[in-house]
Amino acid sequence: MKHLVFIFIVMLCQITSRAQQTFPVNGVADHREGCYAFRHASISSDGINYIADASMVIRDGKIVSVGSNINIPADAVEIDCKGKFIYPSFIDIYSNYGMPGSEKGSTPDIHQPGQFSANQKGAFGWNPAIRSEIDAARIFITDDAKAKPLRESGFGLVLSHLQDGIARGTGTVVSLAGKKENLVIIKERATSHYSFNKGSSAQSYPSSLMGTIALLRQYYMDAAWYKTNPAAEGVNITLKAFNEQQDLPQIFDAGDKWNDLRAWRLGNEFGAHYIIKGGGNEYQRIADIAATHAAFIIPVNFPLPIDVEDPNDARFVSLTDMKHWELAPTNPAAIEKAGIKFCLTSADLKETKLFPDNIRKAIDYGLSPAAAIEALTKTPATLLGIYDKTGSLEPGKLANFLITSDTLFTEKSKIIQNWIQGEKYGIKEDLMTTISGPYDLVINTIQGDRKYSINIKSNTYASMTTSGVNISKYNFDGKVVRLDITATGYGKPIVIDSTSKGVNIIKYSFDGNTVLTDLSATGNGKPKAIDSTSKGSDTSKAKKPTKIYMTNSFPVFGLNVIRLTGMANGNILQGTGVDSIGNPVSWSATPIPQEEKIDSTSFWDNDIPKDWIKYKDQIKNIIAGKVKDLPKIGNITYPFCGYGWEVAPAQQDILIRNATVWTNEPEGKLLQTDVLIRKGKIAAIGKNLDTAKVRVIDGTGKHLTAGIIDEHSHIAAMSINEGAHSVTSEVRIGDNLNPEDINIYRQLSGGVTTSHILHGSANTIGGQTQLIKLRWGMNDEQLKFQGADPFIKFALGENVKHTGAQGNTRFPDTRMGVNEVMVDAFTRAVDYEKALHGPQARFVRHDLELDALVEIMHQQRFITCHSYVQSEIIAAMRLAEQFGFRINTFTHILEGYKVADKMKAHGANASSFSDWWAYKTEVQDAIPYNAALMNQAGINVAINSDDAEMARRLNQEAAKSVKYGGMSEEDALKMVTLNPARMLHVDGKVGSIKVGKDADLVLWSDNPLSIYATSLYTMVDGIIYFNRESDLTARKQIATERNRLIQRMIGEKKKGVPMTTFTPAPEITNECGDHGSGILMNETD
Amino acid sequence: MRATIILITALFSILFAGAQETMHPAGKYTEVFYIFNGTVHIGNGQVINNGIIKVSGTKIEAVGTDIVIPPGVPAIDARGQQVYPGLILSNTDLGLKEIANGARGSNDYAEVGDLNPSMRSILAYNTDSKIINTLRSNGILLANVAPQGGLISGSSSVVQLDAWNWEDAAYKMDNAIHFNMPSLMARPRRPVSKGRIETPETDVIKDGLDKIETVKNMFREAKAYLTVNNHEHTNIKFEALKGLFNHRQKLYVHCNLVREMLVAIDIAKEFSFDVVIVGGSESYLVAPLLKQNNIAVILNQMHQLPAAMDDDIDQPFKTPAVLQKAGVLFAINDEFEESRYRNLPFNAGTAAAYGLSKEEALSAITLNAARIAGIDQTTGTIEAGKDANIIISEGDILDMRTCIITIAFIQARKIDLNNKQKILYEKYRTKYGAK
């Protein structure tokens, strides 16, 4: 009992050992230095270099010395760590430990009244999603309940910040020690934080990813401008705080592979070297991620398998989700292999305590343990500029370290203690003291001493060498030992019948529930009657053999079970107990001396060739027979979804032979003609072209056209509408492209090669558009149509008036107001430009919104304007003329036929639907003859989709103008090829089949205007991105891979692995706000 | 052919110069006339080259190649042209919804409440809708006008598209009761960002099944109620369900997913209703079951994206071919709101491009549609005894490249193929001096 008391006292003292100097003491001063010496451990800072049989001395929360031959101070409390390992405690660089909770924000619905000004009081910035004024150190409160699981996972320090908002202020480095806040803050203002998530801000702006990016860009510019102390701004605490934290390490929570790249680009623009917190899917684009040369913070929240037992559910689980489940644990290894500097974090885990298992899983999937250690110690410490204080086990650094039972991250290795700032936190204390080997056990019973030989294998298992008895329970928790000794066969059923030997049945009865049998043991010299009960299994025949339980085969009466408890005193165990009839006993166990075995640690340091040392863990596992095969996993595809490429298609020199070639040039339609493609360009058009060294595609009976160009599309973007304000010319679709939208592939199958991705129609002056080529499998930057003129989306009429909204509060609400929004914006832009060139130019705030409008007025940016009725069309043209530019394109323009003459005079292009109407009031007069009428009036007319489905059939939509209005077939085809190229100013590169133009071509099975025509090949830059035959193969591969993964997941379920419930993969389709289709569509508008 | 041929175009046609408001239904024509020399697509898969159709009164009297056309009788020379039965729109809000958004006053398609079996779409059907004429000019002559909303929305009626008012338009009243199956799939809410998706809080499937149970309970109670004649309190809703039990009405179940269609089959079995699935996106997955249980399908929209990301990229397009092969009775519909249903022939054309024969695709918008709507005794094919609902096109109507309807008859009346949009076209051609 004395030992137990002592341990408790030690534990209590730990808590009160060091107090802060300025704080008065209520009681008697109890200053302690906390000097400890950890002896005979294997000590390593990096998991590669170990010092065997080493010691470490700590004092006042810091490391004093480490080494194999160091001086142990006389006042040190010595702790024997023989067989144990010591590593630095981990650092979690992405935590909200000790931060107040924050409410979750919601994406504003454009159909609801908006909030347009900040509702936050004080001298702060205009947008409450920008919270640079927050200092985590000022709001930090220690929280033992949250610290505990972090400590148990091995963490000693965390970088904590308020995870709320787009700019989040500073983070603070704190230890997880249970001390007063003042003492655990290691670095007060350590970092500056950013994200793409507006958090709890209730303000409408920004409502989209691209709006968030624009807000941050403007913010950087505003902050630079604020340094000039602009009088008009007054005191802006937010901007001031932002400027003051630019020298700190900058951390960006991106949370997804594409967002990683977006954050990196943003940082590049403003010279910020973000440390990027990823999303765990970086392995899907590892080359792009590595090319950033940024440091990454990687979570290990590997997804659980999905419950896909029901085939009706499984059908809607995407290959993307299933493959990610399988491959996510490879992410840390992929990051390591790519040579990316990275930290690991417990952030995003459902429960912090899952962290060790998930790190182990990452190691099973190829992450080296040493890299894991570095990612949890040295790298975060270095990035945070505190490597002089922590991150390794060196004199002068914080006494933050782990004592483990085995080399870190090996299968059976457990963290025994986590010391933080010199204070011990016990985790698996039982493993601190291990007792093993053969022991002599002596039990002093009332009938005299009984001697047994036992063999203690581990803290939970011991076996009996003496026969006739067993050890039915053994447990040693480092302090207390528990041991039960049971007679062999006791409690086991035996079958009794009239012929059983060794016992006689004296009495037998059965009352329906219980069999009562009196037995007389005959083999034991001294027969005794004992009672035994057992649940009856026999209701009618008393003589049938029945099971009863042996109670009396122990050699000594009363000792069927002896229960022992005791303590370890050094390597001697002793204590008390009780026998099965309640008599007290006492006992002791002493080790039988053995020859000393070779310590495994010395093996590592002496017997292994030096250059093998990095494979130490693997070798150790091999020796221990613990080598796991890497689980069988699927391949990464680009994009990471069905129909993605394992190997990207290459540019080829191709000859399409003997096709009907719709040139869109004065030559018109050429029969039985060859087209040669070299290096991505159209190299020759003619008959009997040389087929040497080129891939030949037979075009006999087929039709070759230029690739379809969709002037109005909303695919391949993460967000489409920044609808919070009426003027959002600062946002750019190109900032948030989604190159993994399956609709890219689907539209390639419909012959589309170029798409103009427009901002939506939620506001009068919308965002900057992005022209892309449908290069399926490439990254977002590679999708962009290089060298194309920049465009911007404008919109008029019902959508910008929010006609569909309930109680619109946003200006404008009429067509009068719509026009005035533009007048106001351009007037401001004129004044702005004047100021930029005026004497006070260097004090002018750089305004991204107005920059775009200035570009428009200088014909450096062009407008595509959503419009329907004649009144607004005329008004828009007159407004443009007033400010010295023209509307490049009217899109939708369903009443264009009414004012075609005026549009022609203005010089506008028209991009329309073939036959849409009556879906709202402003399209009541829409007619399918519109395109033909405008075409006849001499306007350059295109037919667009504005619809991910219809874009696959734009050739058919164009064909409708043959039906409605009698357009020629060649002119009709031009409306989806050459004409949109002209209105997008890219007809020098695409839109027709002409030598020198890009080889963006489609080979059709039939007349391209026919409903029966399908694309056999669609190529961009001479690369075949869609091939109808290969598509059939892809479908089979998808089916095979899906089935393999579904079977694996079902297997996991059978194993009892926790599952996530099924959720169908959403299809993200962006709409401009007019319509939508599809049964599973998850519309964003 | 020695018959004196008089082109009767002049006889039927009326010159239109004004607006849609001045267009009016054709007058009654009860004489005999012929259509000859055309390629006659019967609607049941057969094609008669150089066919002759004899129309008498409102009916087709004879179809063939050896019909003698007597001299002096009006006859239309359809040489080089294609002759089809009038197309049937199988499920629509035509005449109930004029302006889809932002103009509530123009809409009469969805009533308040979940269980509205007694709502009758025919009463709200507006024959003066400007949309109707744009459908006729693409060959659609009949439509099944259905209410929407709630669980049981009411009854649909088949109308012919050339009438002064709904009473005249009615072709088959109250042919079906419409049940909107609640969704039986958990849906993710909108993604926060790619890779992070919030899961819905409520159990959609359980909610859905609960709602289905309320509908089934209504059927059960109605069945019991209807076995007794005199009731102290008349239940109008139960009375409105009578047609389902005596098979005068079908139950149109609007649903798309496999699980939902299995529920539809279950309802068919429990109540012995004649069930038609409307929507049926995933019907290709349960085609044998549908066939086995004699469930017909109206495919609402061919021009649709695949339901799931990994689906075959042309899945909706090739669904009809699967149903055809399995022997399921199906019709193709067009419910695309932005172009307002006039692309029905091209929906069928898409099916023909992806596995159906052209004649099978035609059946899906004529005979099959008639059989499902319960009007195949009088229309759906060009066969003797049926109403003379006939269209003539310059070319293949399934292909927009060739579909130009020149003449159309509803019950032998030659209807005006003008519409508001053509009138505006002519108006602005005049403005630009193109005419």
# chains A, B, ... in the order shown; residues from 1 in each chain; ligands from 1
>>> residues_around(residues="region 291-307 of chain B", least_positions_apart="5", cutoff="6 Å", atoms="only C-alpha atoms", output="list in words")
Glu949, Gly1078 and Leu1080 of chain A; Val275, Val276, Ile277, Val278, Gly279, Gly280, Gln315, Pro316, Phe317, Val328, Leu329, Phe330, Ala331, Ile332, Asn333, Asp334 and Asn347 of chain B
>>> write_last_selection(atoms="C-alpha atoms", output="short mmCIF file (atom, residue, chain, number, x, y, z; two decimals), in the first residue's frame")
data_model
loop_
_atom_site.label_atom_id
_atom_site.label_comp_id
_atom_site.auth_asym_id
_atom_site.auth_seq_id
_atom_site.Cartn_x
_atom_site.Cartn_y
_atom_site.Cartn_z
CA GLU A 949 -26.77 18.46 -71.46
CA GLY A 1078 -31.27 15.96 -64.37
CA LEU A 1080 -29.52 13.94 -59.34
CA VAL B 275 -49.68 1.25 -63.24
CA VAL B 276 -47.69 3.44 -65.59
CA ILE B 277 -44.30 4.76 -64.55
CA VAL B 278 -43.69 8.32 -65.62
CA GLY B 279 -40.05 9.37 -65.61
CA GLY B 280 -38.35 6.03 -65.51
CA GLN B 315 -27.34 6.27 -71.00
CA PRO B 316 -30.57 8.22 -71.26
CA PHE B 317 -30.32 8.07 -75.05
CA VAL B 328 -41.74 -3.30 -72.00
CA LEU B 329 -44.50 -1.06 -73.30
CA PHE B 330 -43.04 2.44 -73.28
CA ALA B 331 -43.64 5.89 -74.69
CA ILE B 332 -41.22 8.75 -75.15
CA ASN B 333 -42.24 12.14 -73.81
CA ASP B 334 -40.80 15.65 -73.88
CA ASN B 347 -36.55 12.94 -78.38
#
>>> closest_atom_pairs(of="chain B", to="chain A", cutoff="6 Å", atoms="only C-alpha atoms", output="Markdown table")
| residue | atom | partner | partner_atom | distance |
| --- | --- | --- | --- | --- |
| B:Ile99 | CA | A:Ala918 | CA | 5.2 |
| B:Ala100 | CA | A:Tyr919 | CA | 4.5 |
| B:Asn101 | CA | A:Lys920 | CA | 4.8 |
| B:Gly102 | CA | A:Gly804 | CA | 5.6 |
| B:Gln304 | CA | A:Gly1078 | CA | 5.9 |
| B:Leu305 | CA | A:Glu949 | CA | 5.5 |
| B:Ala307 | CA | A:Leu1080 | CA | 5.9 |
| B:Ala308 | CA | A:Phe316 | CA | 5.9 |
| B:Asp310 | CA | A:Gly642 | CA | 5.4 |
| B:Glu338 | CA | A:Trp916 | CA | 4.9 |
| B:Ser339 | CA | A:Trp916 | CA | 4.2 |
| B:Ala353 | CA | A:Tyr1012 | CA | 4.8 |
| B:Asp399 | CA | A:Ile1011 | CA | 5.3 |
| B:Met400 | CA | A:Lys960 | CA | 5.9 |
| B:Arg401 | CA | A:Ser1010 | CA | 5.6 |
| B:Gln421 | CA | A:Ile927 | CA | 5.2 |
>>> select_by_dssp(residues="region 208-429 of chain B", states="helix (DSSP H, G or I)", output="ChimeraX atom specification")
/B:208-226,236-240,242-245,258-271,283-285,287-292,315-326,344-353,358-363,367-373,420-429
>>> write_last_selection(atoms="C-alpha atoms", output="short mmCIF file (atom, residue, chain, number, x, y, z; two decimals), in the first residue's frame")
data_model
loop_
_atom_site.label_atom_id
_atom_site.label_comp_id
_atom_site.auth_asym_id
_atom_site.auth_seq_id
_atom_site.Cartn_x
_atom_site.Cartn_y
_atom_site.Cartn_z
CA GLY B 208 -40.43 8.94 -48.33
CA LEU B 209 -41.62 5.52 -47.26
CA ASP B 210 -43.83 7.10 -44.62
CA LYS B 211 -45.44 9.28 -47.23
CA ILE B 212 -45.94 6.33 -49.54
CA GLU B 213 -47.67 4.57 -46.69
CA THR B 214 -50.14 7.44 -46.33
CA VAL B 215 -50.98 7.06 -50.00
CA LYS B 216 -51.38 3.31 -49.72
CA ASN B 217 -53.57 3.78 -46.69
CA MET B 218 -55.74 6.11 -48.67
CA PHE B 219 -56.08 3.45 -51.37
CA ARG B 220 -56.91 0.81 -48.77
CA GLU B 221 -59.55 2.95 -47.11
CA ALA B 222 -60.96 4.05 -50.46
CA LYS B 223 -61.26 0.43 -51.52
CA ALA B 224 -63.19 -0.43 -48.38
CA TYR B 225 -65.33 2.69 -48.71
CA LEU B 226 -66.19 1.93 -52.31
CA ILE B 236 -65.13 13.06 -52.62
CA LYS B 237 -61.51 11.97 -52.59
CA PHE B 238 -62.40 8.31 -52.28
CA GLU B 239 -65.05 8.67 -54.96
CA ALA B 240 -62.41 10.16 -57.25
CA LYS B 242 -63.10 4.73 -58.10
CA GLY B 243 -61.72 4.56 -61.62
CA LEU B 244 -58.50 2.99 -60.37
CA PHE B 245 -60.35 0.06 -58.83
CA VAL B 258 -35.04 1.65 -59.08
CA ARG B 259 -36.19 1.65 -55.48
CA GLU B 260 -39.10 3.89 -56.38
CA MET B 261 -40.10 1.73 -59.30
CA LEU B 262 -40.08 -1.31 -57.05
CA VAL B 263 -42.58 0.50 -54.85
CA ALA B 264 -44.68 1.22 -57.94
CA ILE B 265 -44.69 -2.49 -58.76
CA ASP B 266 -45.66 -3.23 -55.20
CA ILE B 267 -48.62 -0.87 -55.48
CA ALA B 268 -49.65 -2.49 -58.75
CA LYS B 269 -49.62 -5.86 -57.04
CA GLU B 270 -51.40 -4.89 -53.84
CA PHE B 271 -54.23 -3.01 -55.49
CA SER B 283 -36.10 1.79 -65.99
CA TYR B 284 -33.34 0.13 -68.01
CA LEU B 285 -32.16 -1.46 -64.77
CA ALA B 287 -36.79 -3.77 -67.51
CA PRO B 288 -37.46 -7.51 -67.00
CA LEU B 289 -39.40 -6.81 -63.79
CA LEU B 290 -41.47 -4.17 -65.52
CA LYS B 291 -42.26 -6.56 -68.33
CA GLN B 292 -43.11 -9.35 -65.91
CA GLN B 315 -27.34 6.27 -71.00
CA PRO B 316 -30.57 8.22 -71.26
CA PHE B 317 -30.32 8.07 -75.05
CA LYS B 318 -30.13 4.30 -75.17
CA THR B 319 -32.64 3.49 -72.44
CA PRO B 320 -35.53 3.01 -74.93
CA ALA B 321 -33.56 0.33 -76.78
CA VAL B 322 -33.24 -1.63 -73.54
CA LEU B 323 -36.97 -1.39 -72.84
CA GLN B 324 -37.77 -2.36 -76.42
CA LYS B 325 -35.60 -5.44 -76.19
CA ALA B 326 -37.18 -6.47 -72.90
CA LEU B 344 -41.00 15.37 -78.94
CA PRO B 345 -40.12 13.95 -82.37
CA PHE B 346 -36.44 14.64 -81.76
CA ASN B 347 -36.55 12.94 -78.38
CA ALA B 348 -37.69 9.89 -80.31
CA GLY B 349 -35.06 10.60 -82.94
CA THR B 350 -32.35 10.44 -80.31
CA ALA B 351 -33.61 7.01 -79.28
CA ALA B 352 -33.43 6.00 -82.94
CA ALA B 353 -29.83 7.19 -83.08
CA LYS B 358 -36.88 4.56 -86.66
CA GLU B 359 -40.27 2.85 -86.73
CA GLU B 360 -39.89 1.70 -83.13
CA ALA B 361 -38.99 5.24 -82.17
CA LEU B 362 -42.08 6.47 -83.99
CA SER B 363 -44.25 3.97 -82.11
CA LEU B 367 -49.06 3.83 -80.93
CA ASN B 368 -47.33 3.10 -77.63
CA ALA B 369 -48.33 6.49 -76.29
CA ALA B 370 -51.94 5.81 -77.36
CA ARG B 371 -51.96 2.39 -75.71
CA ILE B 372 -50.61 3.80 -72.45
CA ALA B 373 -53.09 6.69 -72.48
CA LYS B 420 -47.49 32.99 -82.58
CA GLN B 421 -43.85 32.51 -83.43
CA LYS B 422 -44.42 32.18 -87.16
CA ILE B 423 -46.56 35.30 -87.03
CA LEU B 424 -43.77 37.23 -85.30
CA TYR B 425 -41.33 35.83 -87.85
CA GLU B 426 -43.45 37.12 -90.71
CA LYS B 427 -43.93 40.43 -88.95
CA TYR B 428 -40.20 41.05 -88.65
CA ARG B 429 -39.41 39.72 -92.09
#
>>> residues_around(residues="Pro25 (chain B)", least_positions_apart="3", cutoff="12 Å", atoms="only C-alpha atoms", output="ChimeraX atom specification")
/B:12-14,20-22,28-29,127-128,132-133,136,160-165,168-169,409-410,413-418
>>> write_last_selection(atoms="C-alpha atoms", output="short mmCIF file (atom, residue, chain, number, x, y, z; two decimals), in the first residue's frame")
data_model
loop_
_atom_site.label_atom_id
_atom_site.label_comp_id
_atom_site.auth_asym_id
_atom_site.auth_seq_id
_atom_site.Cartn_x
_atom_site.Cartn_y
_atom_site.Cartn_z
CA PHE B 12 -58.95 23.60 -96.03
CA SER B 13 -56.49 26.35 -95.74
CA ILE B 14 -57.32 29.69 -94.38
CA GLN B 20 -52.48 34.21 -82.85
CA GLU B 21 -55.65 35.67 -81.38
CA THR B 22 -57.26 35.51 -84.79
CA LYS B 28 -65.89 20.42 -89.42
CA TYR B 29 -65.08 18.45 -92.55
CA THR B 127 -57.14 26.03 -75.33
CA ASP B 128 -55.92 29.57 -75.99
CA ILE B 132 -50.28 24.74 -78.11
CA ASN B 133 -49.91 25.93 -81.67
CA ARG B 136 -49.07 21.35 -83.55
CA GLN B 160 -56.78 17.06 -79.00
CA LEU B 161 -54.98 20.26 -79.83
CA ASP B 162 -57.53 22.00 -82.04
CA ALA B 163 -60.46 23.20 -80.01
CA TRP B 164 -62.41 26.28 -78.98
CA ASN B 165 -62.57 25.25 -75.30
CA ASP B 168 -64.39 20.41 -77.19
CA ALA B 169 -60.76 19.53 -76.65
CA PHE B 409 -55.34 16.60 -89.64
CA ILE B 410 -57.10 16.14 -86.34
CA ARG B 413 -60.01 18.49 -89.89
CA LYS B 414 -57.04 20.13 -91.54
CA ILE B 415 -55.65 22.31 -88.85
CA ASP B 416 -53.90 25.63 -89.07
CA LEU B 417 -50.15 25.12 -88.66
CA ASN B 418 -49.49 28.73 -87.95
#
>>> residues_around(residues="Val55 (chain B)", least_positions_apart="6", cutoff="8 Å", atoms="only C-alpha atoms", output="count of residues only")
7
>>> closest_residue(among="B:Gly374, B:Ser129, B:Gly154, B:Leu251", to="Met23 (chain B)", atoms="only C-alpha atoms")
B:Ser129
>>> residues_around(residues="Thr292 (chain A)", least_positions_apart="2", cutoff="8 Å", atoms="only C-alpha atoms", output="JSON, numbers by chain")
{"A": [261, 264, 288, 289, 290, 294]}
>>> write_last_selection(atoms="C-alpha atoms", output="mmCIF file, in the first residue's frame")
data_model
loop_
_atom_site.group_PDB
_atom_site.id
_atom_site.type_symbol
_atom_site.label_atom_id
_atom_site.label_comp_id
_atom_site.auth_asym_id
_atom_site.auth_seq_id
_atom_site.Cartn_x
_atom_site.Cartn_y
_atom_site.Cartn_z
ATOM 1 C CA LEU A 261 -2.969 25.380 -56.269
ATOM 2 C CA TRP A 264 -0.405 29.008 -54.063
ATOM 3 C CA ASP A 288 1.233 19.866 -59.753
ATOM 4 C CA ILE A 289 1.437 19.980 -55.971
ATOM 5 C CA ALA A 290 5.183 19.342 -55.978
ATOM 6 C CA ALA A 294 5.367 25.120 -51.034
#
>>> residues_around(residues="Gly366 (chain A)", least_positions_apart="6", cutoff="10 Å", atoms="only C-alpha atoms", output="PyMOL selection string")
chain A and resi 329-334+336-337+360+630
